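run_14.csv (CSV, C-alpha atoms)
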chain,number,residue,atom,x,y,z
J,25,MET,CA,178.9,169.1,-60.6
J,26,ALA,CA,180.4,169.7,-64.0
J,27,THR,CA,178.4,170.9,-67.0
J,28,VAL,CA,179.2,171.2,-70.6
J,29,THR,CA,177.6,173.5,-73.3
J,30,PHE,CA,178.6,174.8,-76.7
J,31,ALA,CA,178.6,178.4,-77.9
J,32,LEU,CA,179.9,180.4,-80.9
J,33,LYS,CA,183.0,182.5,-80.7
J,34,GLU,CA,181.4,185.2,-82.8
J,35,PRO,CA,177.7,184.7,-82.8
J,36,LYS,CA,176.9,187.8,-84.8
J,37,SER,CA,179.3,187.0,-87.6
J,38,THR,CA,178.0,186.5,-91.2
J,39,SER,CA,180.8,184.0,-92.0
J,40,LYS,CA,182.0,180.9,-90.3
J,41,THR,CA,183.0,181.1,-86.7
J,42,LEU,CA,184.5,178.6,-84.2
J,43,ILE,CA,182.3,176.5,-82.0
J,44,LEU,CA,183.6,176.6,-78.4
J,45,ILE,CA,183.1,174.0,-75.7
J,46,LEU,CA,182.4,175.6,-72.3
J,47,LEU,CA,183.2,173.5,-69.2
J,48,ARG,CA,181.9,174.7,-65.8
J,49,PHE,CA,183.1,173.1,-62.6
J,50,ASN,CA,183.3,174.4,-59.0
J,51,GLY,CA,182.7,178.0,-60.1
J,52,ILE,CA,185.4,177.9,-62.8
J,53,GLN,CA,184.6,178.1,-66.5
J,54,TRP,CA,187.1,176.9,-69.2
J,55,LYS,CA,186.8,177.5,-72.9
J,56,PHE,CA,188.1,175.1,-75.5
J,57,SER,CA,188.0,175.2,-79.3
J,58,THR,CA,186.2,172.3,-80.9
J,59,GLU,CA,188.1,173.1,-84.1
J,60,GLN,CA,184.7,173.1,-85.8
J,61,LYS,CA,183.2,176.1,-87.6
J,62,ILE,CA,179.7,177.0,-88.6
J,63,ILE,CA,177.8,180.0,-90.0
J,64,PRO,CA,175.9,181.5,-87.1
J,65,LYS,CA,172.5,181.5,-88.9
J,66,PHE,CA,172.7,177.7,-88.9
J,67,TRP,CA,173.3,177.5,-85.1
J,68,ASN,CA,170.5,176.9,-82.6
J,69,SER,CA,171.6,178.8,-79.5
J,70,SER,CA,169.0,177.4,-77.2
J,71,GLU,CA,169.9,173.7,-78.0
J,72,HIS,CA,173.6,174.4,-78.4
J,73,ARG,CA,173.7,172.5,-81.7
J,74,ALA,CA,173.5,173.0,-85.4
J,75,ARG,CA,170.1,173.4,-86.9
J,76,GLN,CA,168.7,170.6,-88.9
J,77,ILE,CA,167.1,172.4,-91.8
J,78,ARG,CA,166.1,171.5,-95.3
J,79,ASN,CA,169.0,170.8,-97.8
J,80,ILE,CA,171.6,171.1,-95.0
J,81,ASN,CA,172.5,168.1,-92.9
J,82,PHE,CA,174.5,168.7,-89.7
J,83,VAL,CA,173.8,165.3,-88.1
J,84,GLU,CA,177.5,164.4,-88.2
J,85,LEU,CA,178.6,167.6,-86.6
J,86,ASN,CA,176.0,167.3,-83.8
J,87,ASN,CA,177.0,163.7,-83.2
J,88,LEU,CA,180.6,164.9,-82.8
J,89,LEU,CA,179.6,167.6,-80.3
J,90,THR,CA,177.6,165.1,-78.3
J,91,HIS,CA,180.6,162.8,-78.2
J,92,MET,CA,182.8,165.6,-77.1
J,93,GLU,CA,180.4,166.5,-74.3
J,94,ALA,CA,180.2,162.9,-73.0
J,95,GLU,CA,184.0,162.4,-73.2
J,96,THR,CA,184.7,165.7,-71.3
J,97,LEU,CA,182.2,164.9,-68.5
J,98,ASP,CA,183.6,161.3,-68.3
J,99,THR,CA,187.2,162.7,-68.0
J,100,VAL,CA,186.1,165.1,-65.2
J,101,ARG,CA,184.5,162.2,-63.3
J,102,LYS,CA,187.6,159.9,-63.7
J,103,ILE,CA,190.0,162.6,-62.5
J,104,ILE,CA,187.8,163.4,-59.4
J,105,ASN,CA,187.3,159.7,-58.7
J,106,ASP,CA,191.1,159.2,-58.8
J,107,GLN,CA,191.4,162.2,-56.5
J,108,ASP,CA,193.7,163.8,-59.1
J,109,LYS,CA,193.9,167.5,-59.9
J,110,LEU,CA,191.6,168.7,-62.7
J,111,THR,CA,193.6,170.8,-65.2
J,112,LYS,CA,192.8,172.5,-68.4
J,113,GLU,CA,195.6,170.6,-70.1
J,114,LYS,CA,194.0,167.2,-69.2
J,115,ILE,CA,190.7,168.2,-70.7
J,116,ARG,CA,192.4,169.5,-73.8
J,117,ALA,CA,194.2,166.2,-74.2
J,118,THR,CA,190.8,164.4,-74.0
J,119,LEU,CA,189.3,166.7,-76.7
J,120,ASP,CA,192.3,166.2,-78.9
J,121,LYS,CA,191.9,162.5,-78.6
J,122,VAL,CA,188.2,162.8,-79.6
J,123,LEU,CA,189.1,165.0,-82.5
J,124,GLN,CA,192.2,163.0,-83.4
J,125,LYS,CA,193.6,166.4,-84.4
J,126,ASP,CA,191.1,166.2,-87.2
J,127,THR,CA,187.3,166.1,-87.4
J,128,LEU,CA,187.2,163.3,-89.9
J,129,PRO,CA,189.6,160.5,-90.9
J,130,GLU,CA,191.6,161.3,-94.0
J,131,ASN,CA,189.6,159.0,-96.2
J,132,LYS,CA,186.4,160.7,-95.0
J,133,LYS,CA,187.7,164.0,-96.3
J,134,GLU,CA,188.1,162.6,-99.8
J,135,PHE,CA,185.4,163.7,-102.2
J,136,MET,CA,184.0,160.3,-103.1
J,137,TRP,CA,184.2,158.9,-99.6
J,138,PHE,CA,182.3,162.0,-98.4
J,139,ILE,CA,179.5,161.6,-100.9
J,140,LYS,CA,179.0,158.0,-99.9
J,141,ASP,CA,178.9,158.9,-96.2
J,142,PHE,CA,176.6,161.8,-96.9
J,143,ILE,CA,174.1,159.6,-98.7
J,144,GLU,CA,174.2,156.9,-96.0
J,145,HIS,CA,173.4,159.4,-93.3
J,146,SER,CA,171.1,161.6,-95.2
J,147,ASN,CA,167.5,161.9,-93.9
J,148,LYS,CA,166.2,162.5,-97.4
J,149,LYS,CA,163.4,160.5,-98.9
J,150,ILE,CA,164.1,157.1,-100.5
J,151,GLY,CA,163.5,158.5,-104.0
J,152,THR,CA,166.0,161.4,-103.4
J,153,LYS,CA,168.6,159.1,-102.0
J,154,LYS,CA,168.2,156.8,-105.1
J,155,THR,CA,169.1,159.8,-107.4
J,156,TYR,CA,172.1,160.6,-105.1
J,157,LYS,CA,173.3,157.0,-105.4
J,158,GLN,CA,173.0,157.1,-109.2
J,159,THR,CA,175.0,160.3,-109.4
J,160,PHE,CA,177.6,158.8,-107.1
J,161,ARG,CA,177.9,155.8,-109.3
J,162,LEU,CA,178.3,157.9,-112.4
J,163,LEU,CA,181.0,160.1,-110.8
J,164,LYS,CA,182.8,156.9,-109.9
J,165,GLU,CA,182.5,155.7,-113.5
J,166,TYR,CA,183.8,159.1,-114.7
J,167,GLN,CA,186.7,158.9,-112.3
J,168,ASP,CA,187.7,155.4,-113.6
J,169,PHE,CA,187.2,156.5,-117.2
J,170,SER,CA,189.2,159.7,-117.0
J,171,LYS,CA,191.8,158.2,-114.6
J,172,ILE,CA,191.7,161.4,-112.7
J,173,LYS,CA,191.0,161.0,-109.0
J,174,LEU,CA,188.3,163.4,-108.0
J,175,ASN,CA,188.7,165.7,-105.0
J,176,PHE,CA,187.0,168.8,-103.8
J,177,ASP,CA,189.4,171.2,-105.6
J,178,SER,CA,189.0,169.3,-108.9
J,179,ILE,CA,185.3,170.1,-109.2
J,180,ASP,CA,185.9,173.1,-111.5
J,181,LEU,CA,184.7,174.3,-114.9
J,182,ASP,CA,187.1,171.8,-116.7
J,183,PHE,CA,185.5,169.0,-114.7
J,184,TYR,CA,182.1,170.3,-115.6
J,185,GLU,CA,182.8,170.3,-119.3
J,186,ARG,CA,184.4,166.8,-119.3
J,187,PHE,CA,181.7,165.3,-117.0
J,188,THR,CA,178.8,166.6,-119.1
J,189,LYS,CA,180.4,165.3,-122.3
J,190,PHE,CA,181.0,162.0,-120.6
J,191,LEU,CA,177.3,161.8,-119.7
J,192,ALA,CA,176.3,162.9,-123.2
J,193,ASP,CA,178.5,160.1,-124.7
J,194,LYS,CA,176.6,157.6,-122.6
J,195,ASP,CA,173.5,158.7,-124.4
J,196,TYR,CA,171.8,160.5,-121.5
J,197,GLN,CA,169.2,163.1,-122.4
J,198,ILE,CA,170.1,166.7,-121.6
J,199,ASN,CA,167.5,167.0,-118.8
J,200,THR,CA,168.9,163.8,-117.2
J,201,ILE,CA,172.4,165.2,-117.4
J,202,GLY,CA,171.1,168.4,-115.7
J,203,SER,CA,169.8,166.3,-112.8
J,204,PHE,CA,173.2,164.7,-112.3
J,205,ILE,CA,174.9,168.1,-112.3
J,206,LYS,CA,172.3,169.4,-109.8
J,207,ARG,CA,173.1,166.5,-107.4
J,208,THR,CA,176.8,167.1,-107.8
J,209,LYS,CA,176.2,170.7,-106.8
J,210,VAL,CA,174.3,169.4,-103.7
J,211,PHE,CA,177.3,167.3,-102.7
J,212,MET,CA,179.7,170.3,-103.1
J,213,ASN,CA,177.4,172.7,-101.2
J,214,GLU,CA,177.1,170.2,-98.3
J,215,ALA,CA,180.9,169.9,-98.2
J,216,PHE,CA,181.3,173.6,-98.3
J,217,GLN,CA,178.8,174.1,-95.4
J,218,ARG,CA,180.7,171.6,-93.3
J,219,GLY,CA,184.0,173.4,-93.9
J,220,LEU,CA,185.5,170.6,-95.9
J,221,THR,CA,186.3,172.8,-98.9
J,222,SER,CA,186.5,176.4,-99.8
J,223,ASN,CA,185.9,175.6,-103.5
J,224,VAL,CA,182.8,177.5,-104.7
J,225,VAL,CA,183.3,177.1,-108.5
J,226,PHE,CA,180.1,175.0,-108.4
J,227,LYS,CA,178.2,178.3,-107.8
J,228,ASN,CA,179.6,179.8,-111.0
J,229,LYS,CA,176.9,180.8,-113.5
J,230,LYS,CA,178.7,178.6,-116.1
J,231,PHE,CA,178.3,175.6,-113.8
J,232,ILE,CA,174.7,175.2,-114.7
J,233,SER,CA,172.3,172.3,-114.7
J,234,PRO,CA,171.5,172.0,-118.4
J,235,ARG,CA,167.8,171.8,-119.2
J,236,GLU,CA,165.6,171.9,-122.3
J,237,GLU,CA,161.8,172.3,-122.6
J,238,SER,CA,160.3,168.8,-122.6
J,239,ASP,CA,157.4,167.8,-124.8
J,240,SER,CA,155.3,166.4,-122.0
J,241,ILE,CA,151.7,165.7,-122.7
J,242,TYR,CA,148.4,166.5,-121.0
J,243,LEU,CA,145.0,165.0,-121.4
J,244,THR,CA,142.1,167.2,-122.6
J,245,LEU,CA,138.9,167.3,-120.7
J,246,GLU,CA,137.3,165.2,-123.5
J,247,GLU,CA,140.1,162.6,-123.2
J,248,ILE,CA,139.6,162.4,-119.4
J,249,LYS,CA,135.9,161.9,-120.0
J,250,LYS,CA,136.7,159.1,-122.5
J,251,LEU,CA,138.7,157.4,-119.7
J,252,GLY,CA,135.8,157.8,-117.3
J,253,ALA,CA,133.3,156.3,-119.8
J,254,LEU,CA,135.2,153.1,-120.1
J,255,ASN,CA,133.4,150.0,-118.6
J,256,LEU,CA,136.1,148.4,-116.6
J,257,SER,CA,133.9,146.5,-114.2
J,258,LYS,CA,135.5,143.2,-115.2
J,259,GLU,CA,139.0,144.6,-114.8
J,260,GLU,CA,139.3,145.7,-111.1
J,261,ARG,CA,143.0,146.3,-111.4
J,262,LEU,CA,142.4,148.8,-114.2
J,263,ASP,CA,139.2,150.2,-112.7
J,264,LYS,CA,140.8,151.5,-109.5
J,265,VAL,CA,143.8,152.9,-111.3
J,266,ARG,CA,141.6,154.7,-113.8
J,267,ASP,CA,139.5,156.2,-111.0
J,268,LEU,CA,142.5,157.3,-108.9
J,269,PHE,CA,144.1,158.9,-112.1
J,270,ILE,CA,140.9,160.9,-112.7
J,271,ILE,CA,141.0,162.1,-109.1
J,272,GLY,CA,144.5,163.3,-109.9
J,273,CYS,CA,143.3,165.0,-113.1
J,274,TYR,CA,140.8,167.1,-111.2
J,275,THR,CA,142.9,167.8,-108.1
J,276,GLY,CA,146.5,168.2,-109.4
J,277,LEU,CA,147.9,166.1,-106.6
J,278,ARG,CA,151.2,164.4,-107.0
J,279,PHE,CA,151.5,160.6,-106.7
J,280,SER,CA,153.0,160.9,-103.2
J,281,ASP,CA,149.8,162.7,-102.1
J,282,LEU,CA,147.4,160.5,-104.0
J,283,SER,CA,148.9,157.5,-102.4
J,284,LYS,CA,148.1,158.7,-98.9
J,285,LEU,CA,144.6,160.1,-99.6
J,286,THR,CA,141.9,158.6,-97.3
J,287,ASN,CA,138.3,159.6,-96.5
J,288,LYS,CA,139.8,161.5,-93.5
J,289,ASN,CA,141.0,164.1,-96.0
J,290,LEU,CA,137.4,164.8,-97.1
J,291,ILE,CA,136.0,168.0,-95.5
J,292,ASP,CA,132.8,170.1,-95.7
J,293,ASN,CA,130.5,167.1,-96.3
J,294,GLY,CA,132.8,165.6,-98.9
J,295,SER,CA,132.9,168.7,-101.1
J,296,LYS,CA,136.6,169.4,-100.6
J,297,ILE,CA,139.9,167.6,-100.0
J,298,LYS,CA,142.3,169.0,-97.4
J,299,ILE,CA,145.8,167.6,-97.4
J,300,GLN,CA,149.3,168.5,-96.3
J,301,THR,CA,151.5,167.9,-99.4
J,302,GLU,CA,154.4,165.5,-99.0
J,303,LYS,CA,156.9,167.4,-101.1
J,304,THR,CA,156.5,171.0,-99.8
J,305,GLY,CA,154.7,170.4,-96.5
J,306,GLU,CA,152.0,173.0,-97.5
J,307,THR,CA,148.4,172.4,-96.7
J,308,VAL,CA,146.1,172.7,-99.7
J,309,ILE,CA,142.3,172.7,-99.9
J,310,ILE,CA,140.8,171.5,-103.2
J,311,PRO,CA,137.1,171.6,-104.2
J,312,LEU,CA,135.8,168.4,-105.7
J,313,ASN,CA,133.8,168.3,-108.9
J,314,SER,CA,130.9,166.0,-109.7
J,315,GLU,CA,133.2,163.4,-111.3
J,316,ILE,CA,135.3,162.9,-108.1
J,317,ARG,CA,132.2,162.9,-105.9
J,318,GLU,CA,130.8,160.1,-108.1
J,319,ILE,CA,134.0,158.1,-107.8
J,320,ILE,CA,133.9,158.5,-104.0
J,321,LYS,CA,130.3,157.4,-104.0
J,322,LYS,CA,131.2,154.4,-106.1
J,323,TYR,CA,133.6,153.3,-103.3
J,324,SER,CA,131.0,153.9,-100.5
J,325,GLY,CA,132.5,157.2,-99.3
J,326,TYR,CA,136.1,156.0,-99.6
J,327,ILE,CA,139.0,156.8,-102.0
J,328,PRO,CA,140.4,153.9,-104.0
J,329,LYS,CA,143.8,152.6,-102.8
J,330,VAL,CA,146.9,153.3,-104.9
J,331,ILE,CA,149.3,150.7,-106.2
J,332,SER,CA,153.0,151.3,-106.9
J,333,ASN,CA,153.9,154.2,-109.2
J,334,GLN,CA,155.6,151.8,-111.6
J,335,LYS,CA,152.5,149.5,-111.9
J,336,MET,CA,150.1,152.5,-112.1
J,337,ASN,CA,152.1,153.9,-115.0
J,338,GLU,CA,152.0,150.5,-116.7
J,339,TYR,CA,148.2,150.2,-116.3
J,340,LEU,CA,147.6,153.7,-117.4
J,341,LYS,CA,149.0,153.0,-120.9
J,342,GLU,CA,146.7,150.0,-121.1
J,343,ILE,CA,143.7,152.1,-120.1
J,344,GLY,CA,144.6,154.9,-122.5
J,345,LYS,CA,144.8,152.4,-125.4
J,346,LEU,CA,141.4,151.0,-124.5
J,347,ALA,CA,140.0,154.6,-124.5
J,348,GLU,CA,141.6,155.1,-128.0
J,349,ILE,CA,143.7,158.0,-126.9
J,350,ASP,CA,146.0,157.3,-129.8
J,351,GLU,CA,146.8,160.6,-131.3
J,352,LYS,CA,150.3,160.6,-132.9
J,353,ILE,CA,152.7,162.7,-130.7
J,354,ILE,CA,156.2,163.8,-131.9
J,355,ILE,CA,158.6,164.1,-129.0
J,356,HIS,CA,161.8,166.1,-129.5
J,357,PHE,CA,164.8,165.8,-127.2
J,358,THR,CA,168.6,166.0,-127.1
J,359,ARG,CA,170.6,162.8,-126.5
J,360,GLY,CA,174.3,162.3,-127.0
J,361,GLY,CA,174.5,165.8,-128.2
J,362,LYS,CA,172.1,165.1,-131.1
J,363,ARG,CA,168.6,166.5,-131.6
J,364,ILE,CA,166.2,163.5,-131.9
J,365,SER,CA,162.5,163.3,-132.9
J,366,GLU,CA,160.4,160.2,-132.1
J,367,ALA,CA,156.8,159.4,-132.9
J,368,TRP,CA,154.6,157.9,-130.2
J,369,LYS,CA,151.0,157.0,-129.6
J,370,LYS,CA,149.6,159.3,-127.0
J,371,TYR,CA,148.5,156.5,-124.6
J,372,ASP,CA,152.2,155.3,-124.5
J,373,LEU,CA,153.2,158.6,-122.9
J,374,ILE,CA,150.6,158.7,-120.1
J,375,THR,CA,152.0,158.5,-116.6
J,376,VAL,CA,150.7,159.3,-113.1
J,377,HIS,CA,152.3,162.8,-113.4
J,378,THR,CA,150.2,163.4,-116.5
J,379,ALA,CA,147.2,163.9,-114.2
J,380,ARG,CA,148.9,166.8,-112.4
J,381,ARG,CA,149.9,168.4,-115.7
J,382,SER,CA,146.4,167.9,-117.1
J,383,PHE,CA,144.8,169.6,-114.1
J,384,ALA,CA,147.0,172.7,-114.4
J,385,THR,CA,146.6,173.0,-118.2
J,386,ASN,CA,142.8,172.4,-118.2
J,387,ALA,CA,142.3,174.8,-115.3
J,388,PHE,CA,144.4,177.4,-117.1
J,389,LEU,CA,142.4,176.9,-120.4
J,390,SER,CA,139.2,177.2,-118.4
J,391,ASP,CA,140.3,180.7,-117.4
J,392,ILE,CA,140.8,179.9,-113.7
J,393,PRO,CA,143.3,182.6,-112.5
J,394,SER,CA,146.9,181.3,-112.3
J,395,ILE,CA,147.2,182.3,-108.6
J,396,SER,CA,144.1,180.2,-107.7
J,397,ILE,CA,145.6,177.2,-109.6
J,398,MET,CA,149.0,177.7,-107.9
J,399,LYS,CA,147.2,177.6,-104.5
J,400,ILE,CA,146.3,174.0,-105.3
J,401,THR,CA,149.4,172.8,-107.2
J,402,GLY,CA,151.7,174.5,-104.6
J,403,HIS,CA,153.8,176.3,-107.1
J,404,ARG,CA,155.5,179.3,-105.5
J,405,THR,CA,156.4,181.1,-108.7
J,406,GLU,CA,154.5,181.7,-111.9
J,407,LYS,CA,157.6,180.7,-113.9
J,408,SER,CA,157.7,177.2,-112.3
J,409,PHE,CA,153.9,176.9,-112.7
J,410,LEU,CA,153.9,177.8,-116.4
J,411,GLN,CA,156.2,174.9,-117.0
J,412,TYR,CA,153.2,172.7,-116.3
J,413,ILE,CA,151.0,174.4,-118.9
J,414,LYS,CA,151.2,172.3,-122.1
J,415,ILE,CA,148.9,173.9,-124.7
J,416,SER,CA,149.1,173.5,-128.4
J,417,GLN,CA,148.9,176.3,-130.9
J,418,ASP,CA,145.2,175.3,-131.6
J,419,ASP,CA,144.5,175.3,-127.8
J,420,ASN,CA,146.0,178.8,-127.6
J,421,ALA,CA,144.0,180.1,-130.6
J,422,ASN,CA,140.8,178.6,-129.2
J,423,LYS,CA,141.4,180.3,-125.9
J,424,LEU,CA,141.9,183.6,-127.5
J,425,ILE,CA,139.2,183.5,-130.1
J,426,ASN,CA,136.6,184.9,-127.7
J,427,HIS,CA,138.9,187.5,-126.2
J,428,PRO,CA,137.6,191.1,-126.9
J,429,PHE,CA,140.9,192.0,-128.6
J,430,PHE,CA,140.1,189.5,-131.4
J,431,LYS,CA,136.5,190.6,-131.9

Output the file's structure in the form of structure tokens.
Amino acid sequence: MATVTFALKEPKSTSKTLILILLRFNGIQWKFSTEQKIIPKFWNSSEHRARQIRNINFVELNNLLTHMEAETLDTVRKIINDQDKLTKEKIRATLDKVLQKDTLPENKKEFMWFIKDFIEHSNKKIGTKKTYKQTFRLLKEYQDFSKIKLNFDSIDLDFYERFTKFLADKDYQINTIGSFIKRTKVFMNEAFQRGLTSNVVFKNKKFISPREESDSIYLTLEEIKKLGALNLSKEERLDKVRDLFIIGCYTGLRFSDLSKLTNKNLIDNGSKIKIQTEKTGETVIIPLNSEIREIIKKYSGYIPKVISNQKMNEYLKEIGKLAEIDEKIIIHFTRGGKRISEAWKKYDLITVHTARRSFATNAFLSDIPSISIMKITGHRTEKSFLQYIKISQDDNANKLINHPFFK
């Protein structure tokens, strides 16, 4: 009986090494090159396949290996059934046919074709794939505009400068441009991992994802209480959104986690919430304050159901206006290479994510240790956590006024 497995030529290598196909039949073992390479740390030696780990997708490679295995075994069976002699050359011919002397068709090795195929076969969440598709569309627009056909080697510092200017000329804000550059780097890294390119300019420190500090808002504890004090009994659509938003303000949970909250997440007689977060997969346990316990009691021990993110954002602005959270907020940002300032009513800036930012900021102002807050928000570094802290100069002065240093 014939068996087929796969192994690495140099399993202890720190760089890419060939994947070999091992055919065993009647006490004979033959080795063939699959013409595929992989870094050993990405190889699962027990499953004889590439690992499927976060940010690296080897589905296509594993599918090819499975196809090669099936074709090899099928060839062995056919030769035996025809009572012909099994030779190494016949097996090699089969593998060459599978590989077509190349892993991918020529068009699939093109930069834009690769991105499209990568997106289609990616196992990322719908939201992430949506950002990939938008970046792909803009790369295509840039290619048409510049009349320069993009390929793996053309993604260099000249491309970086021209593409970022192209995006700025389309009036995208600098943080949005940064997200498009970040996705482009994801595409290039994936292609590099698959051995489709040796171009690593995208890793250059000048090939950065531009970013500027955003003027995001948070709601103070007083403003959150104003929301809670609203009588929305005749507006059920607003009532549930308000209640769920307040739960977010006191738990710091993202929309993706709020949307899956049920009473099954309540532990210790309803005094805490325990949930595995959608984005990081970490399990967090959050104590519930009296406001959340009252909301749960209002819904007979249940947590109000969420609506879509878009609708919730729309309703929150309406609720904020009813609560007269109308402080004038000046937002500064860079668009089209120009520094712009715009005045907004605070309620117009409220989104679902404001709840998470409000939790982090209010907990910080209440002198809860950063490490304890991070255990709830899931931030792994203090640097990323502090980006959520949005305090004004007055907030900062009020926090310090009782510090012994200022006595």

Using all atoms listed in the file, which protein or nucleic acid residues come within 8 Å of J:Tyr371? Drop anything in the same chain fewer than 6 positions from it, and give the result as a PyMOL selection string.
chain J and resi 340-345+348-350

I'd like the neighbourhood of stretch 54-68 of chain J as a PDB file with C-alpha atoms, in the coordinates of the input, where a residue qualifies if any of its atoms comes within 7 Å (using all atoms listed in the file), though same-chain residues fewer than 4 positions away should be ignored.
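That gives us result14.pdb:
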ATOM      1  CA  PRO J  35     177.700 184.700 -82.800  1.00  0.00           C
ATOM      2  CA  LYS J  36     176.900 187.800 -84.800  1.00  0.00           C
ATOM      3  CA  SER J  37     179.300 187.000 -87.600  1.00  0.00           C
ATOM      4  CA  THR J  38     178.000 186.500 -91.200  1.00  0.00           C
ATOM      5  CA  SER J  39     180.800 184.000 -92.000  1.00  0.00           C
ATOM      6  CA  LYS J  40     182.000 180.900 -90.300  1.00  0.00           C
ATOM      7  CA  THR J  41     183.000 181.100 -86.700  1.00  0.00           C
ATOM      8  CA  LEU J  42     184.500 178.600 -84.200  1.00  0.00           C
ATOM      9  CA  ILE J  43     182.300 176.500 -82.000  1.00  0.00           C
ATOM     10  CA  LEU J  44     183.600 176.600 -78.400  1.00  0.00           C
ATOM     11  CA  ILE J  45     183.100 174.000 -75.700  1.00  0.00           C
ATOM     12  CA  LEU J  46     182.400 175.600 -72.300  1.00  0.00           C
ATOM     13  CA  LEU J  47     183.200 173.500 -69.200  1.00  0.00           C
ATOM     14  CA  ARG J  48     181.900 174.700 -65.800  1.00  0.00           C
ATOM     15  CA  HIS J  72     173.600 174.400 -78.400  1.00  0.00           C
ATOM     16  CA  ARG J  73     173.700 172.500 -81.700  1.00  0.00           C
ATOM     17  CA  ALA J  74     173.500 173.000 -85.400  1.00  0.00           C
ATOM     18  CA  ARG J  75     170.100 173.400 -86.900  1.00  0.00           C
ATOM     19  CA  GLY J 219     184.000 173.400 -93.900  1.00  0.00           C
TER      20      GLY J 219
END

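Nearest residue to J:Asn337 among J:Phe226, J:Phe279, J:Phe135, J:Tyr196 is J:Phe279, counting only C-alpha atoms.
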
What's the 7 Å shell around stretch 142-144 of chain J, counting all atoms listed in the file, without same-chain residues fewer than 3 positions away, as a compact mmCIF listing (two decimals) with C-alpha atoms, keeping the file's coordinate frame?
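File around-v6.txt, as written:
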# COMPACT_ATOMS: atom_id res chain seq x y z
CA PHE J 138 182.30 162.00 -98.40
CA ILE J 139 179.50 161.60 -100.90
CA LYS J 153 168.60 159.10 -102.00
CA TYR J 156 172.10 160.60 -105.10

Exercise: stretch 324-331 of chain J partners within 10 Å, all atoms listed in the file, chain neighbours under 2 positions left out, as a PDB file with C-alpha atoms, in the frame of the given file:
ATOM      1  CA  ARG J 261     143.000 146.300-111.400  1.00  0.00           C
ATOM      2  CA  ASP J 263     139.200 150.200-112.700  1.00  0.00           C
ATOM      3  CA  LYS J 264     140.800 151.500-109.500  1.00  0.00           C
ATOM      4  CA  VAL J 265     143.800 152.900-111.300  1.00  0.00           C
ATOM      5  CA  ARG J 266     141.600 154.700-113.800  1.00  0.00           C
ATOM      6  CA  ASP J 267     139.500 156.200-111.000  1.00  0.00           C
ATOM      7  CA  LEU J 268     142.500 157.300-108.900  1.00  0.00           C
ATOM      8  CA  PHE J 269     144.100 158.900-112.100  1.00  0.00           C
ATOM      9  CA  ILE J 271     141.000 162.100-109.100  1.00  0.00           C
ATOM     10  CA  PHE J 279     151.500 160.600-106.700  1.00  0.00           C
ATOM     11  CA  SER J 280     153.000 160.900-103.200  1.00  0.00           C
ATOM     12  CA  LEU J 282     147.400 160.500-104.000  1.00  0.00           C
ATOM     13  CA  SER J 283     148.900 157.500-102.400  1.00  0.00           C
ATOM     14  CA  LYS J 284     148.100 158.700 -98.900  1.00  0.00           C
ATOM     15  CA  LEU J 285     144.600 160.100 -99.600  1.00  0.00           C
ATOM     16  CA  THR J 286     141.900 158.600 -97.300  1.00  0.00           C
ATOM     17  CA  ASN J 287     138.300 159.600 -96.500  1.00  0.00           C
ATOM     18  CA  LYS J 288     139.800 161.500 -93.500  1.00  0.00           C
ATOM     19  CA  ASN J 289     141.000 164.100 -96.000  1.00  0.00           C
ATOM     20  CA  LEU J 290     137.400 164.800 -97.100  1.00  0.00           C
ATOM     21  CA  GLY J 294     132.800 165.600 -98.900  1.00  0.00           C
ATOM     22  CA  ILE J 316     135.300 162.900-108.100  1.00  0.00           C
ATOM     23  CA  ARG J 317     132.200 162.900-105.900  1.00  0.00           C
ATOM     24  CA  GLU J 318     130.800 160.100-108.100  1.00  0.00           C
ATOM     25  CA  ILE J 319     134.000 158.100-107.800  1.00  0.00           C
ATOM     26  CA  ILE J 320     133.900 158.500-104.000  1.00  0.00           C
ATOM     27  CA  LYS J 321     130.300 157.400-104.000  1.00  0.00           C
ATOM     28  CA  LYS J 322     131.200 154.400-106.100  1.00  0.00           C
ATOM     29  CA  ASN J 333     153.900 154.200-109.200  1.00  0.00           C
ATOM     30  CA  GLN J 334     155.600 151.800-111.600  1.00  0.00           C
ATOM     31  CA  LYS J 335     152.500 149.500-111.900  1.00  0.00           C
ATOM     32  CA  MET J 336     150.100 152.500-112.100  1.00  0.00           C
ATOM     33  CA  ASN J 337     152.100 153.900-115.000  1.00  0.00           C
TER      34      ASN J 337
END

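The interatomic distance for the pair atom CA of J:Ile115 and atom CA of J:Val83 works out to 24.4 Å.
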
Quick one: everything within 7 Å of J:Ile299, counting only C-alpha atoms, minus sequence neighbours fewer than 5 positions away in the same chain. Send it as a VMD selection string.
chain J and resid 289 307 to 309

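Straight-line separation from atom CA of J:Phe409 to atom CA of J:Ser203: 19.1 Å.
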
Show me the residues close to (176.1, 160.0, -122.0) - anything with an atom within 12 Å, counting all atoms listed in the file - and format the list as a PyMOL selection string.
chain J and resi 162+165-166+186-202+204+358-362

Rounded to one decimal place, report the atom CA of J:Arg278-atom CA of J:Asn147 distance in Å.
21.1 Å

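With distances taken over all atoms listed in the file, J:Leu389 is the one residue among J:Leu389, J:Ile397, J:Val100, J:Ile232 lying closest to J:Asn420.
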
Between J:Ile364, J:Leu110, J:His91, J:Ser146, which residue has the minimum interatomic distance to J:Asn50, considering all atoms listed in the file?
J:Leu110

Check the smallest atom-to-atom distance from each of J:Glu113, J:Glu236, J:Asp98, J:Glu34 to J:Gln411 using all atoms listed in the file, then report the winner.
J:Glu236

Nearest to J:Asn313 by atom-to-atom distance, counting only C-alpha atoms, from J:Leu277, J:Ala26, J:Ile270, J:Leu346
J:Ile270
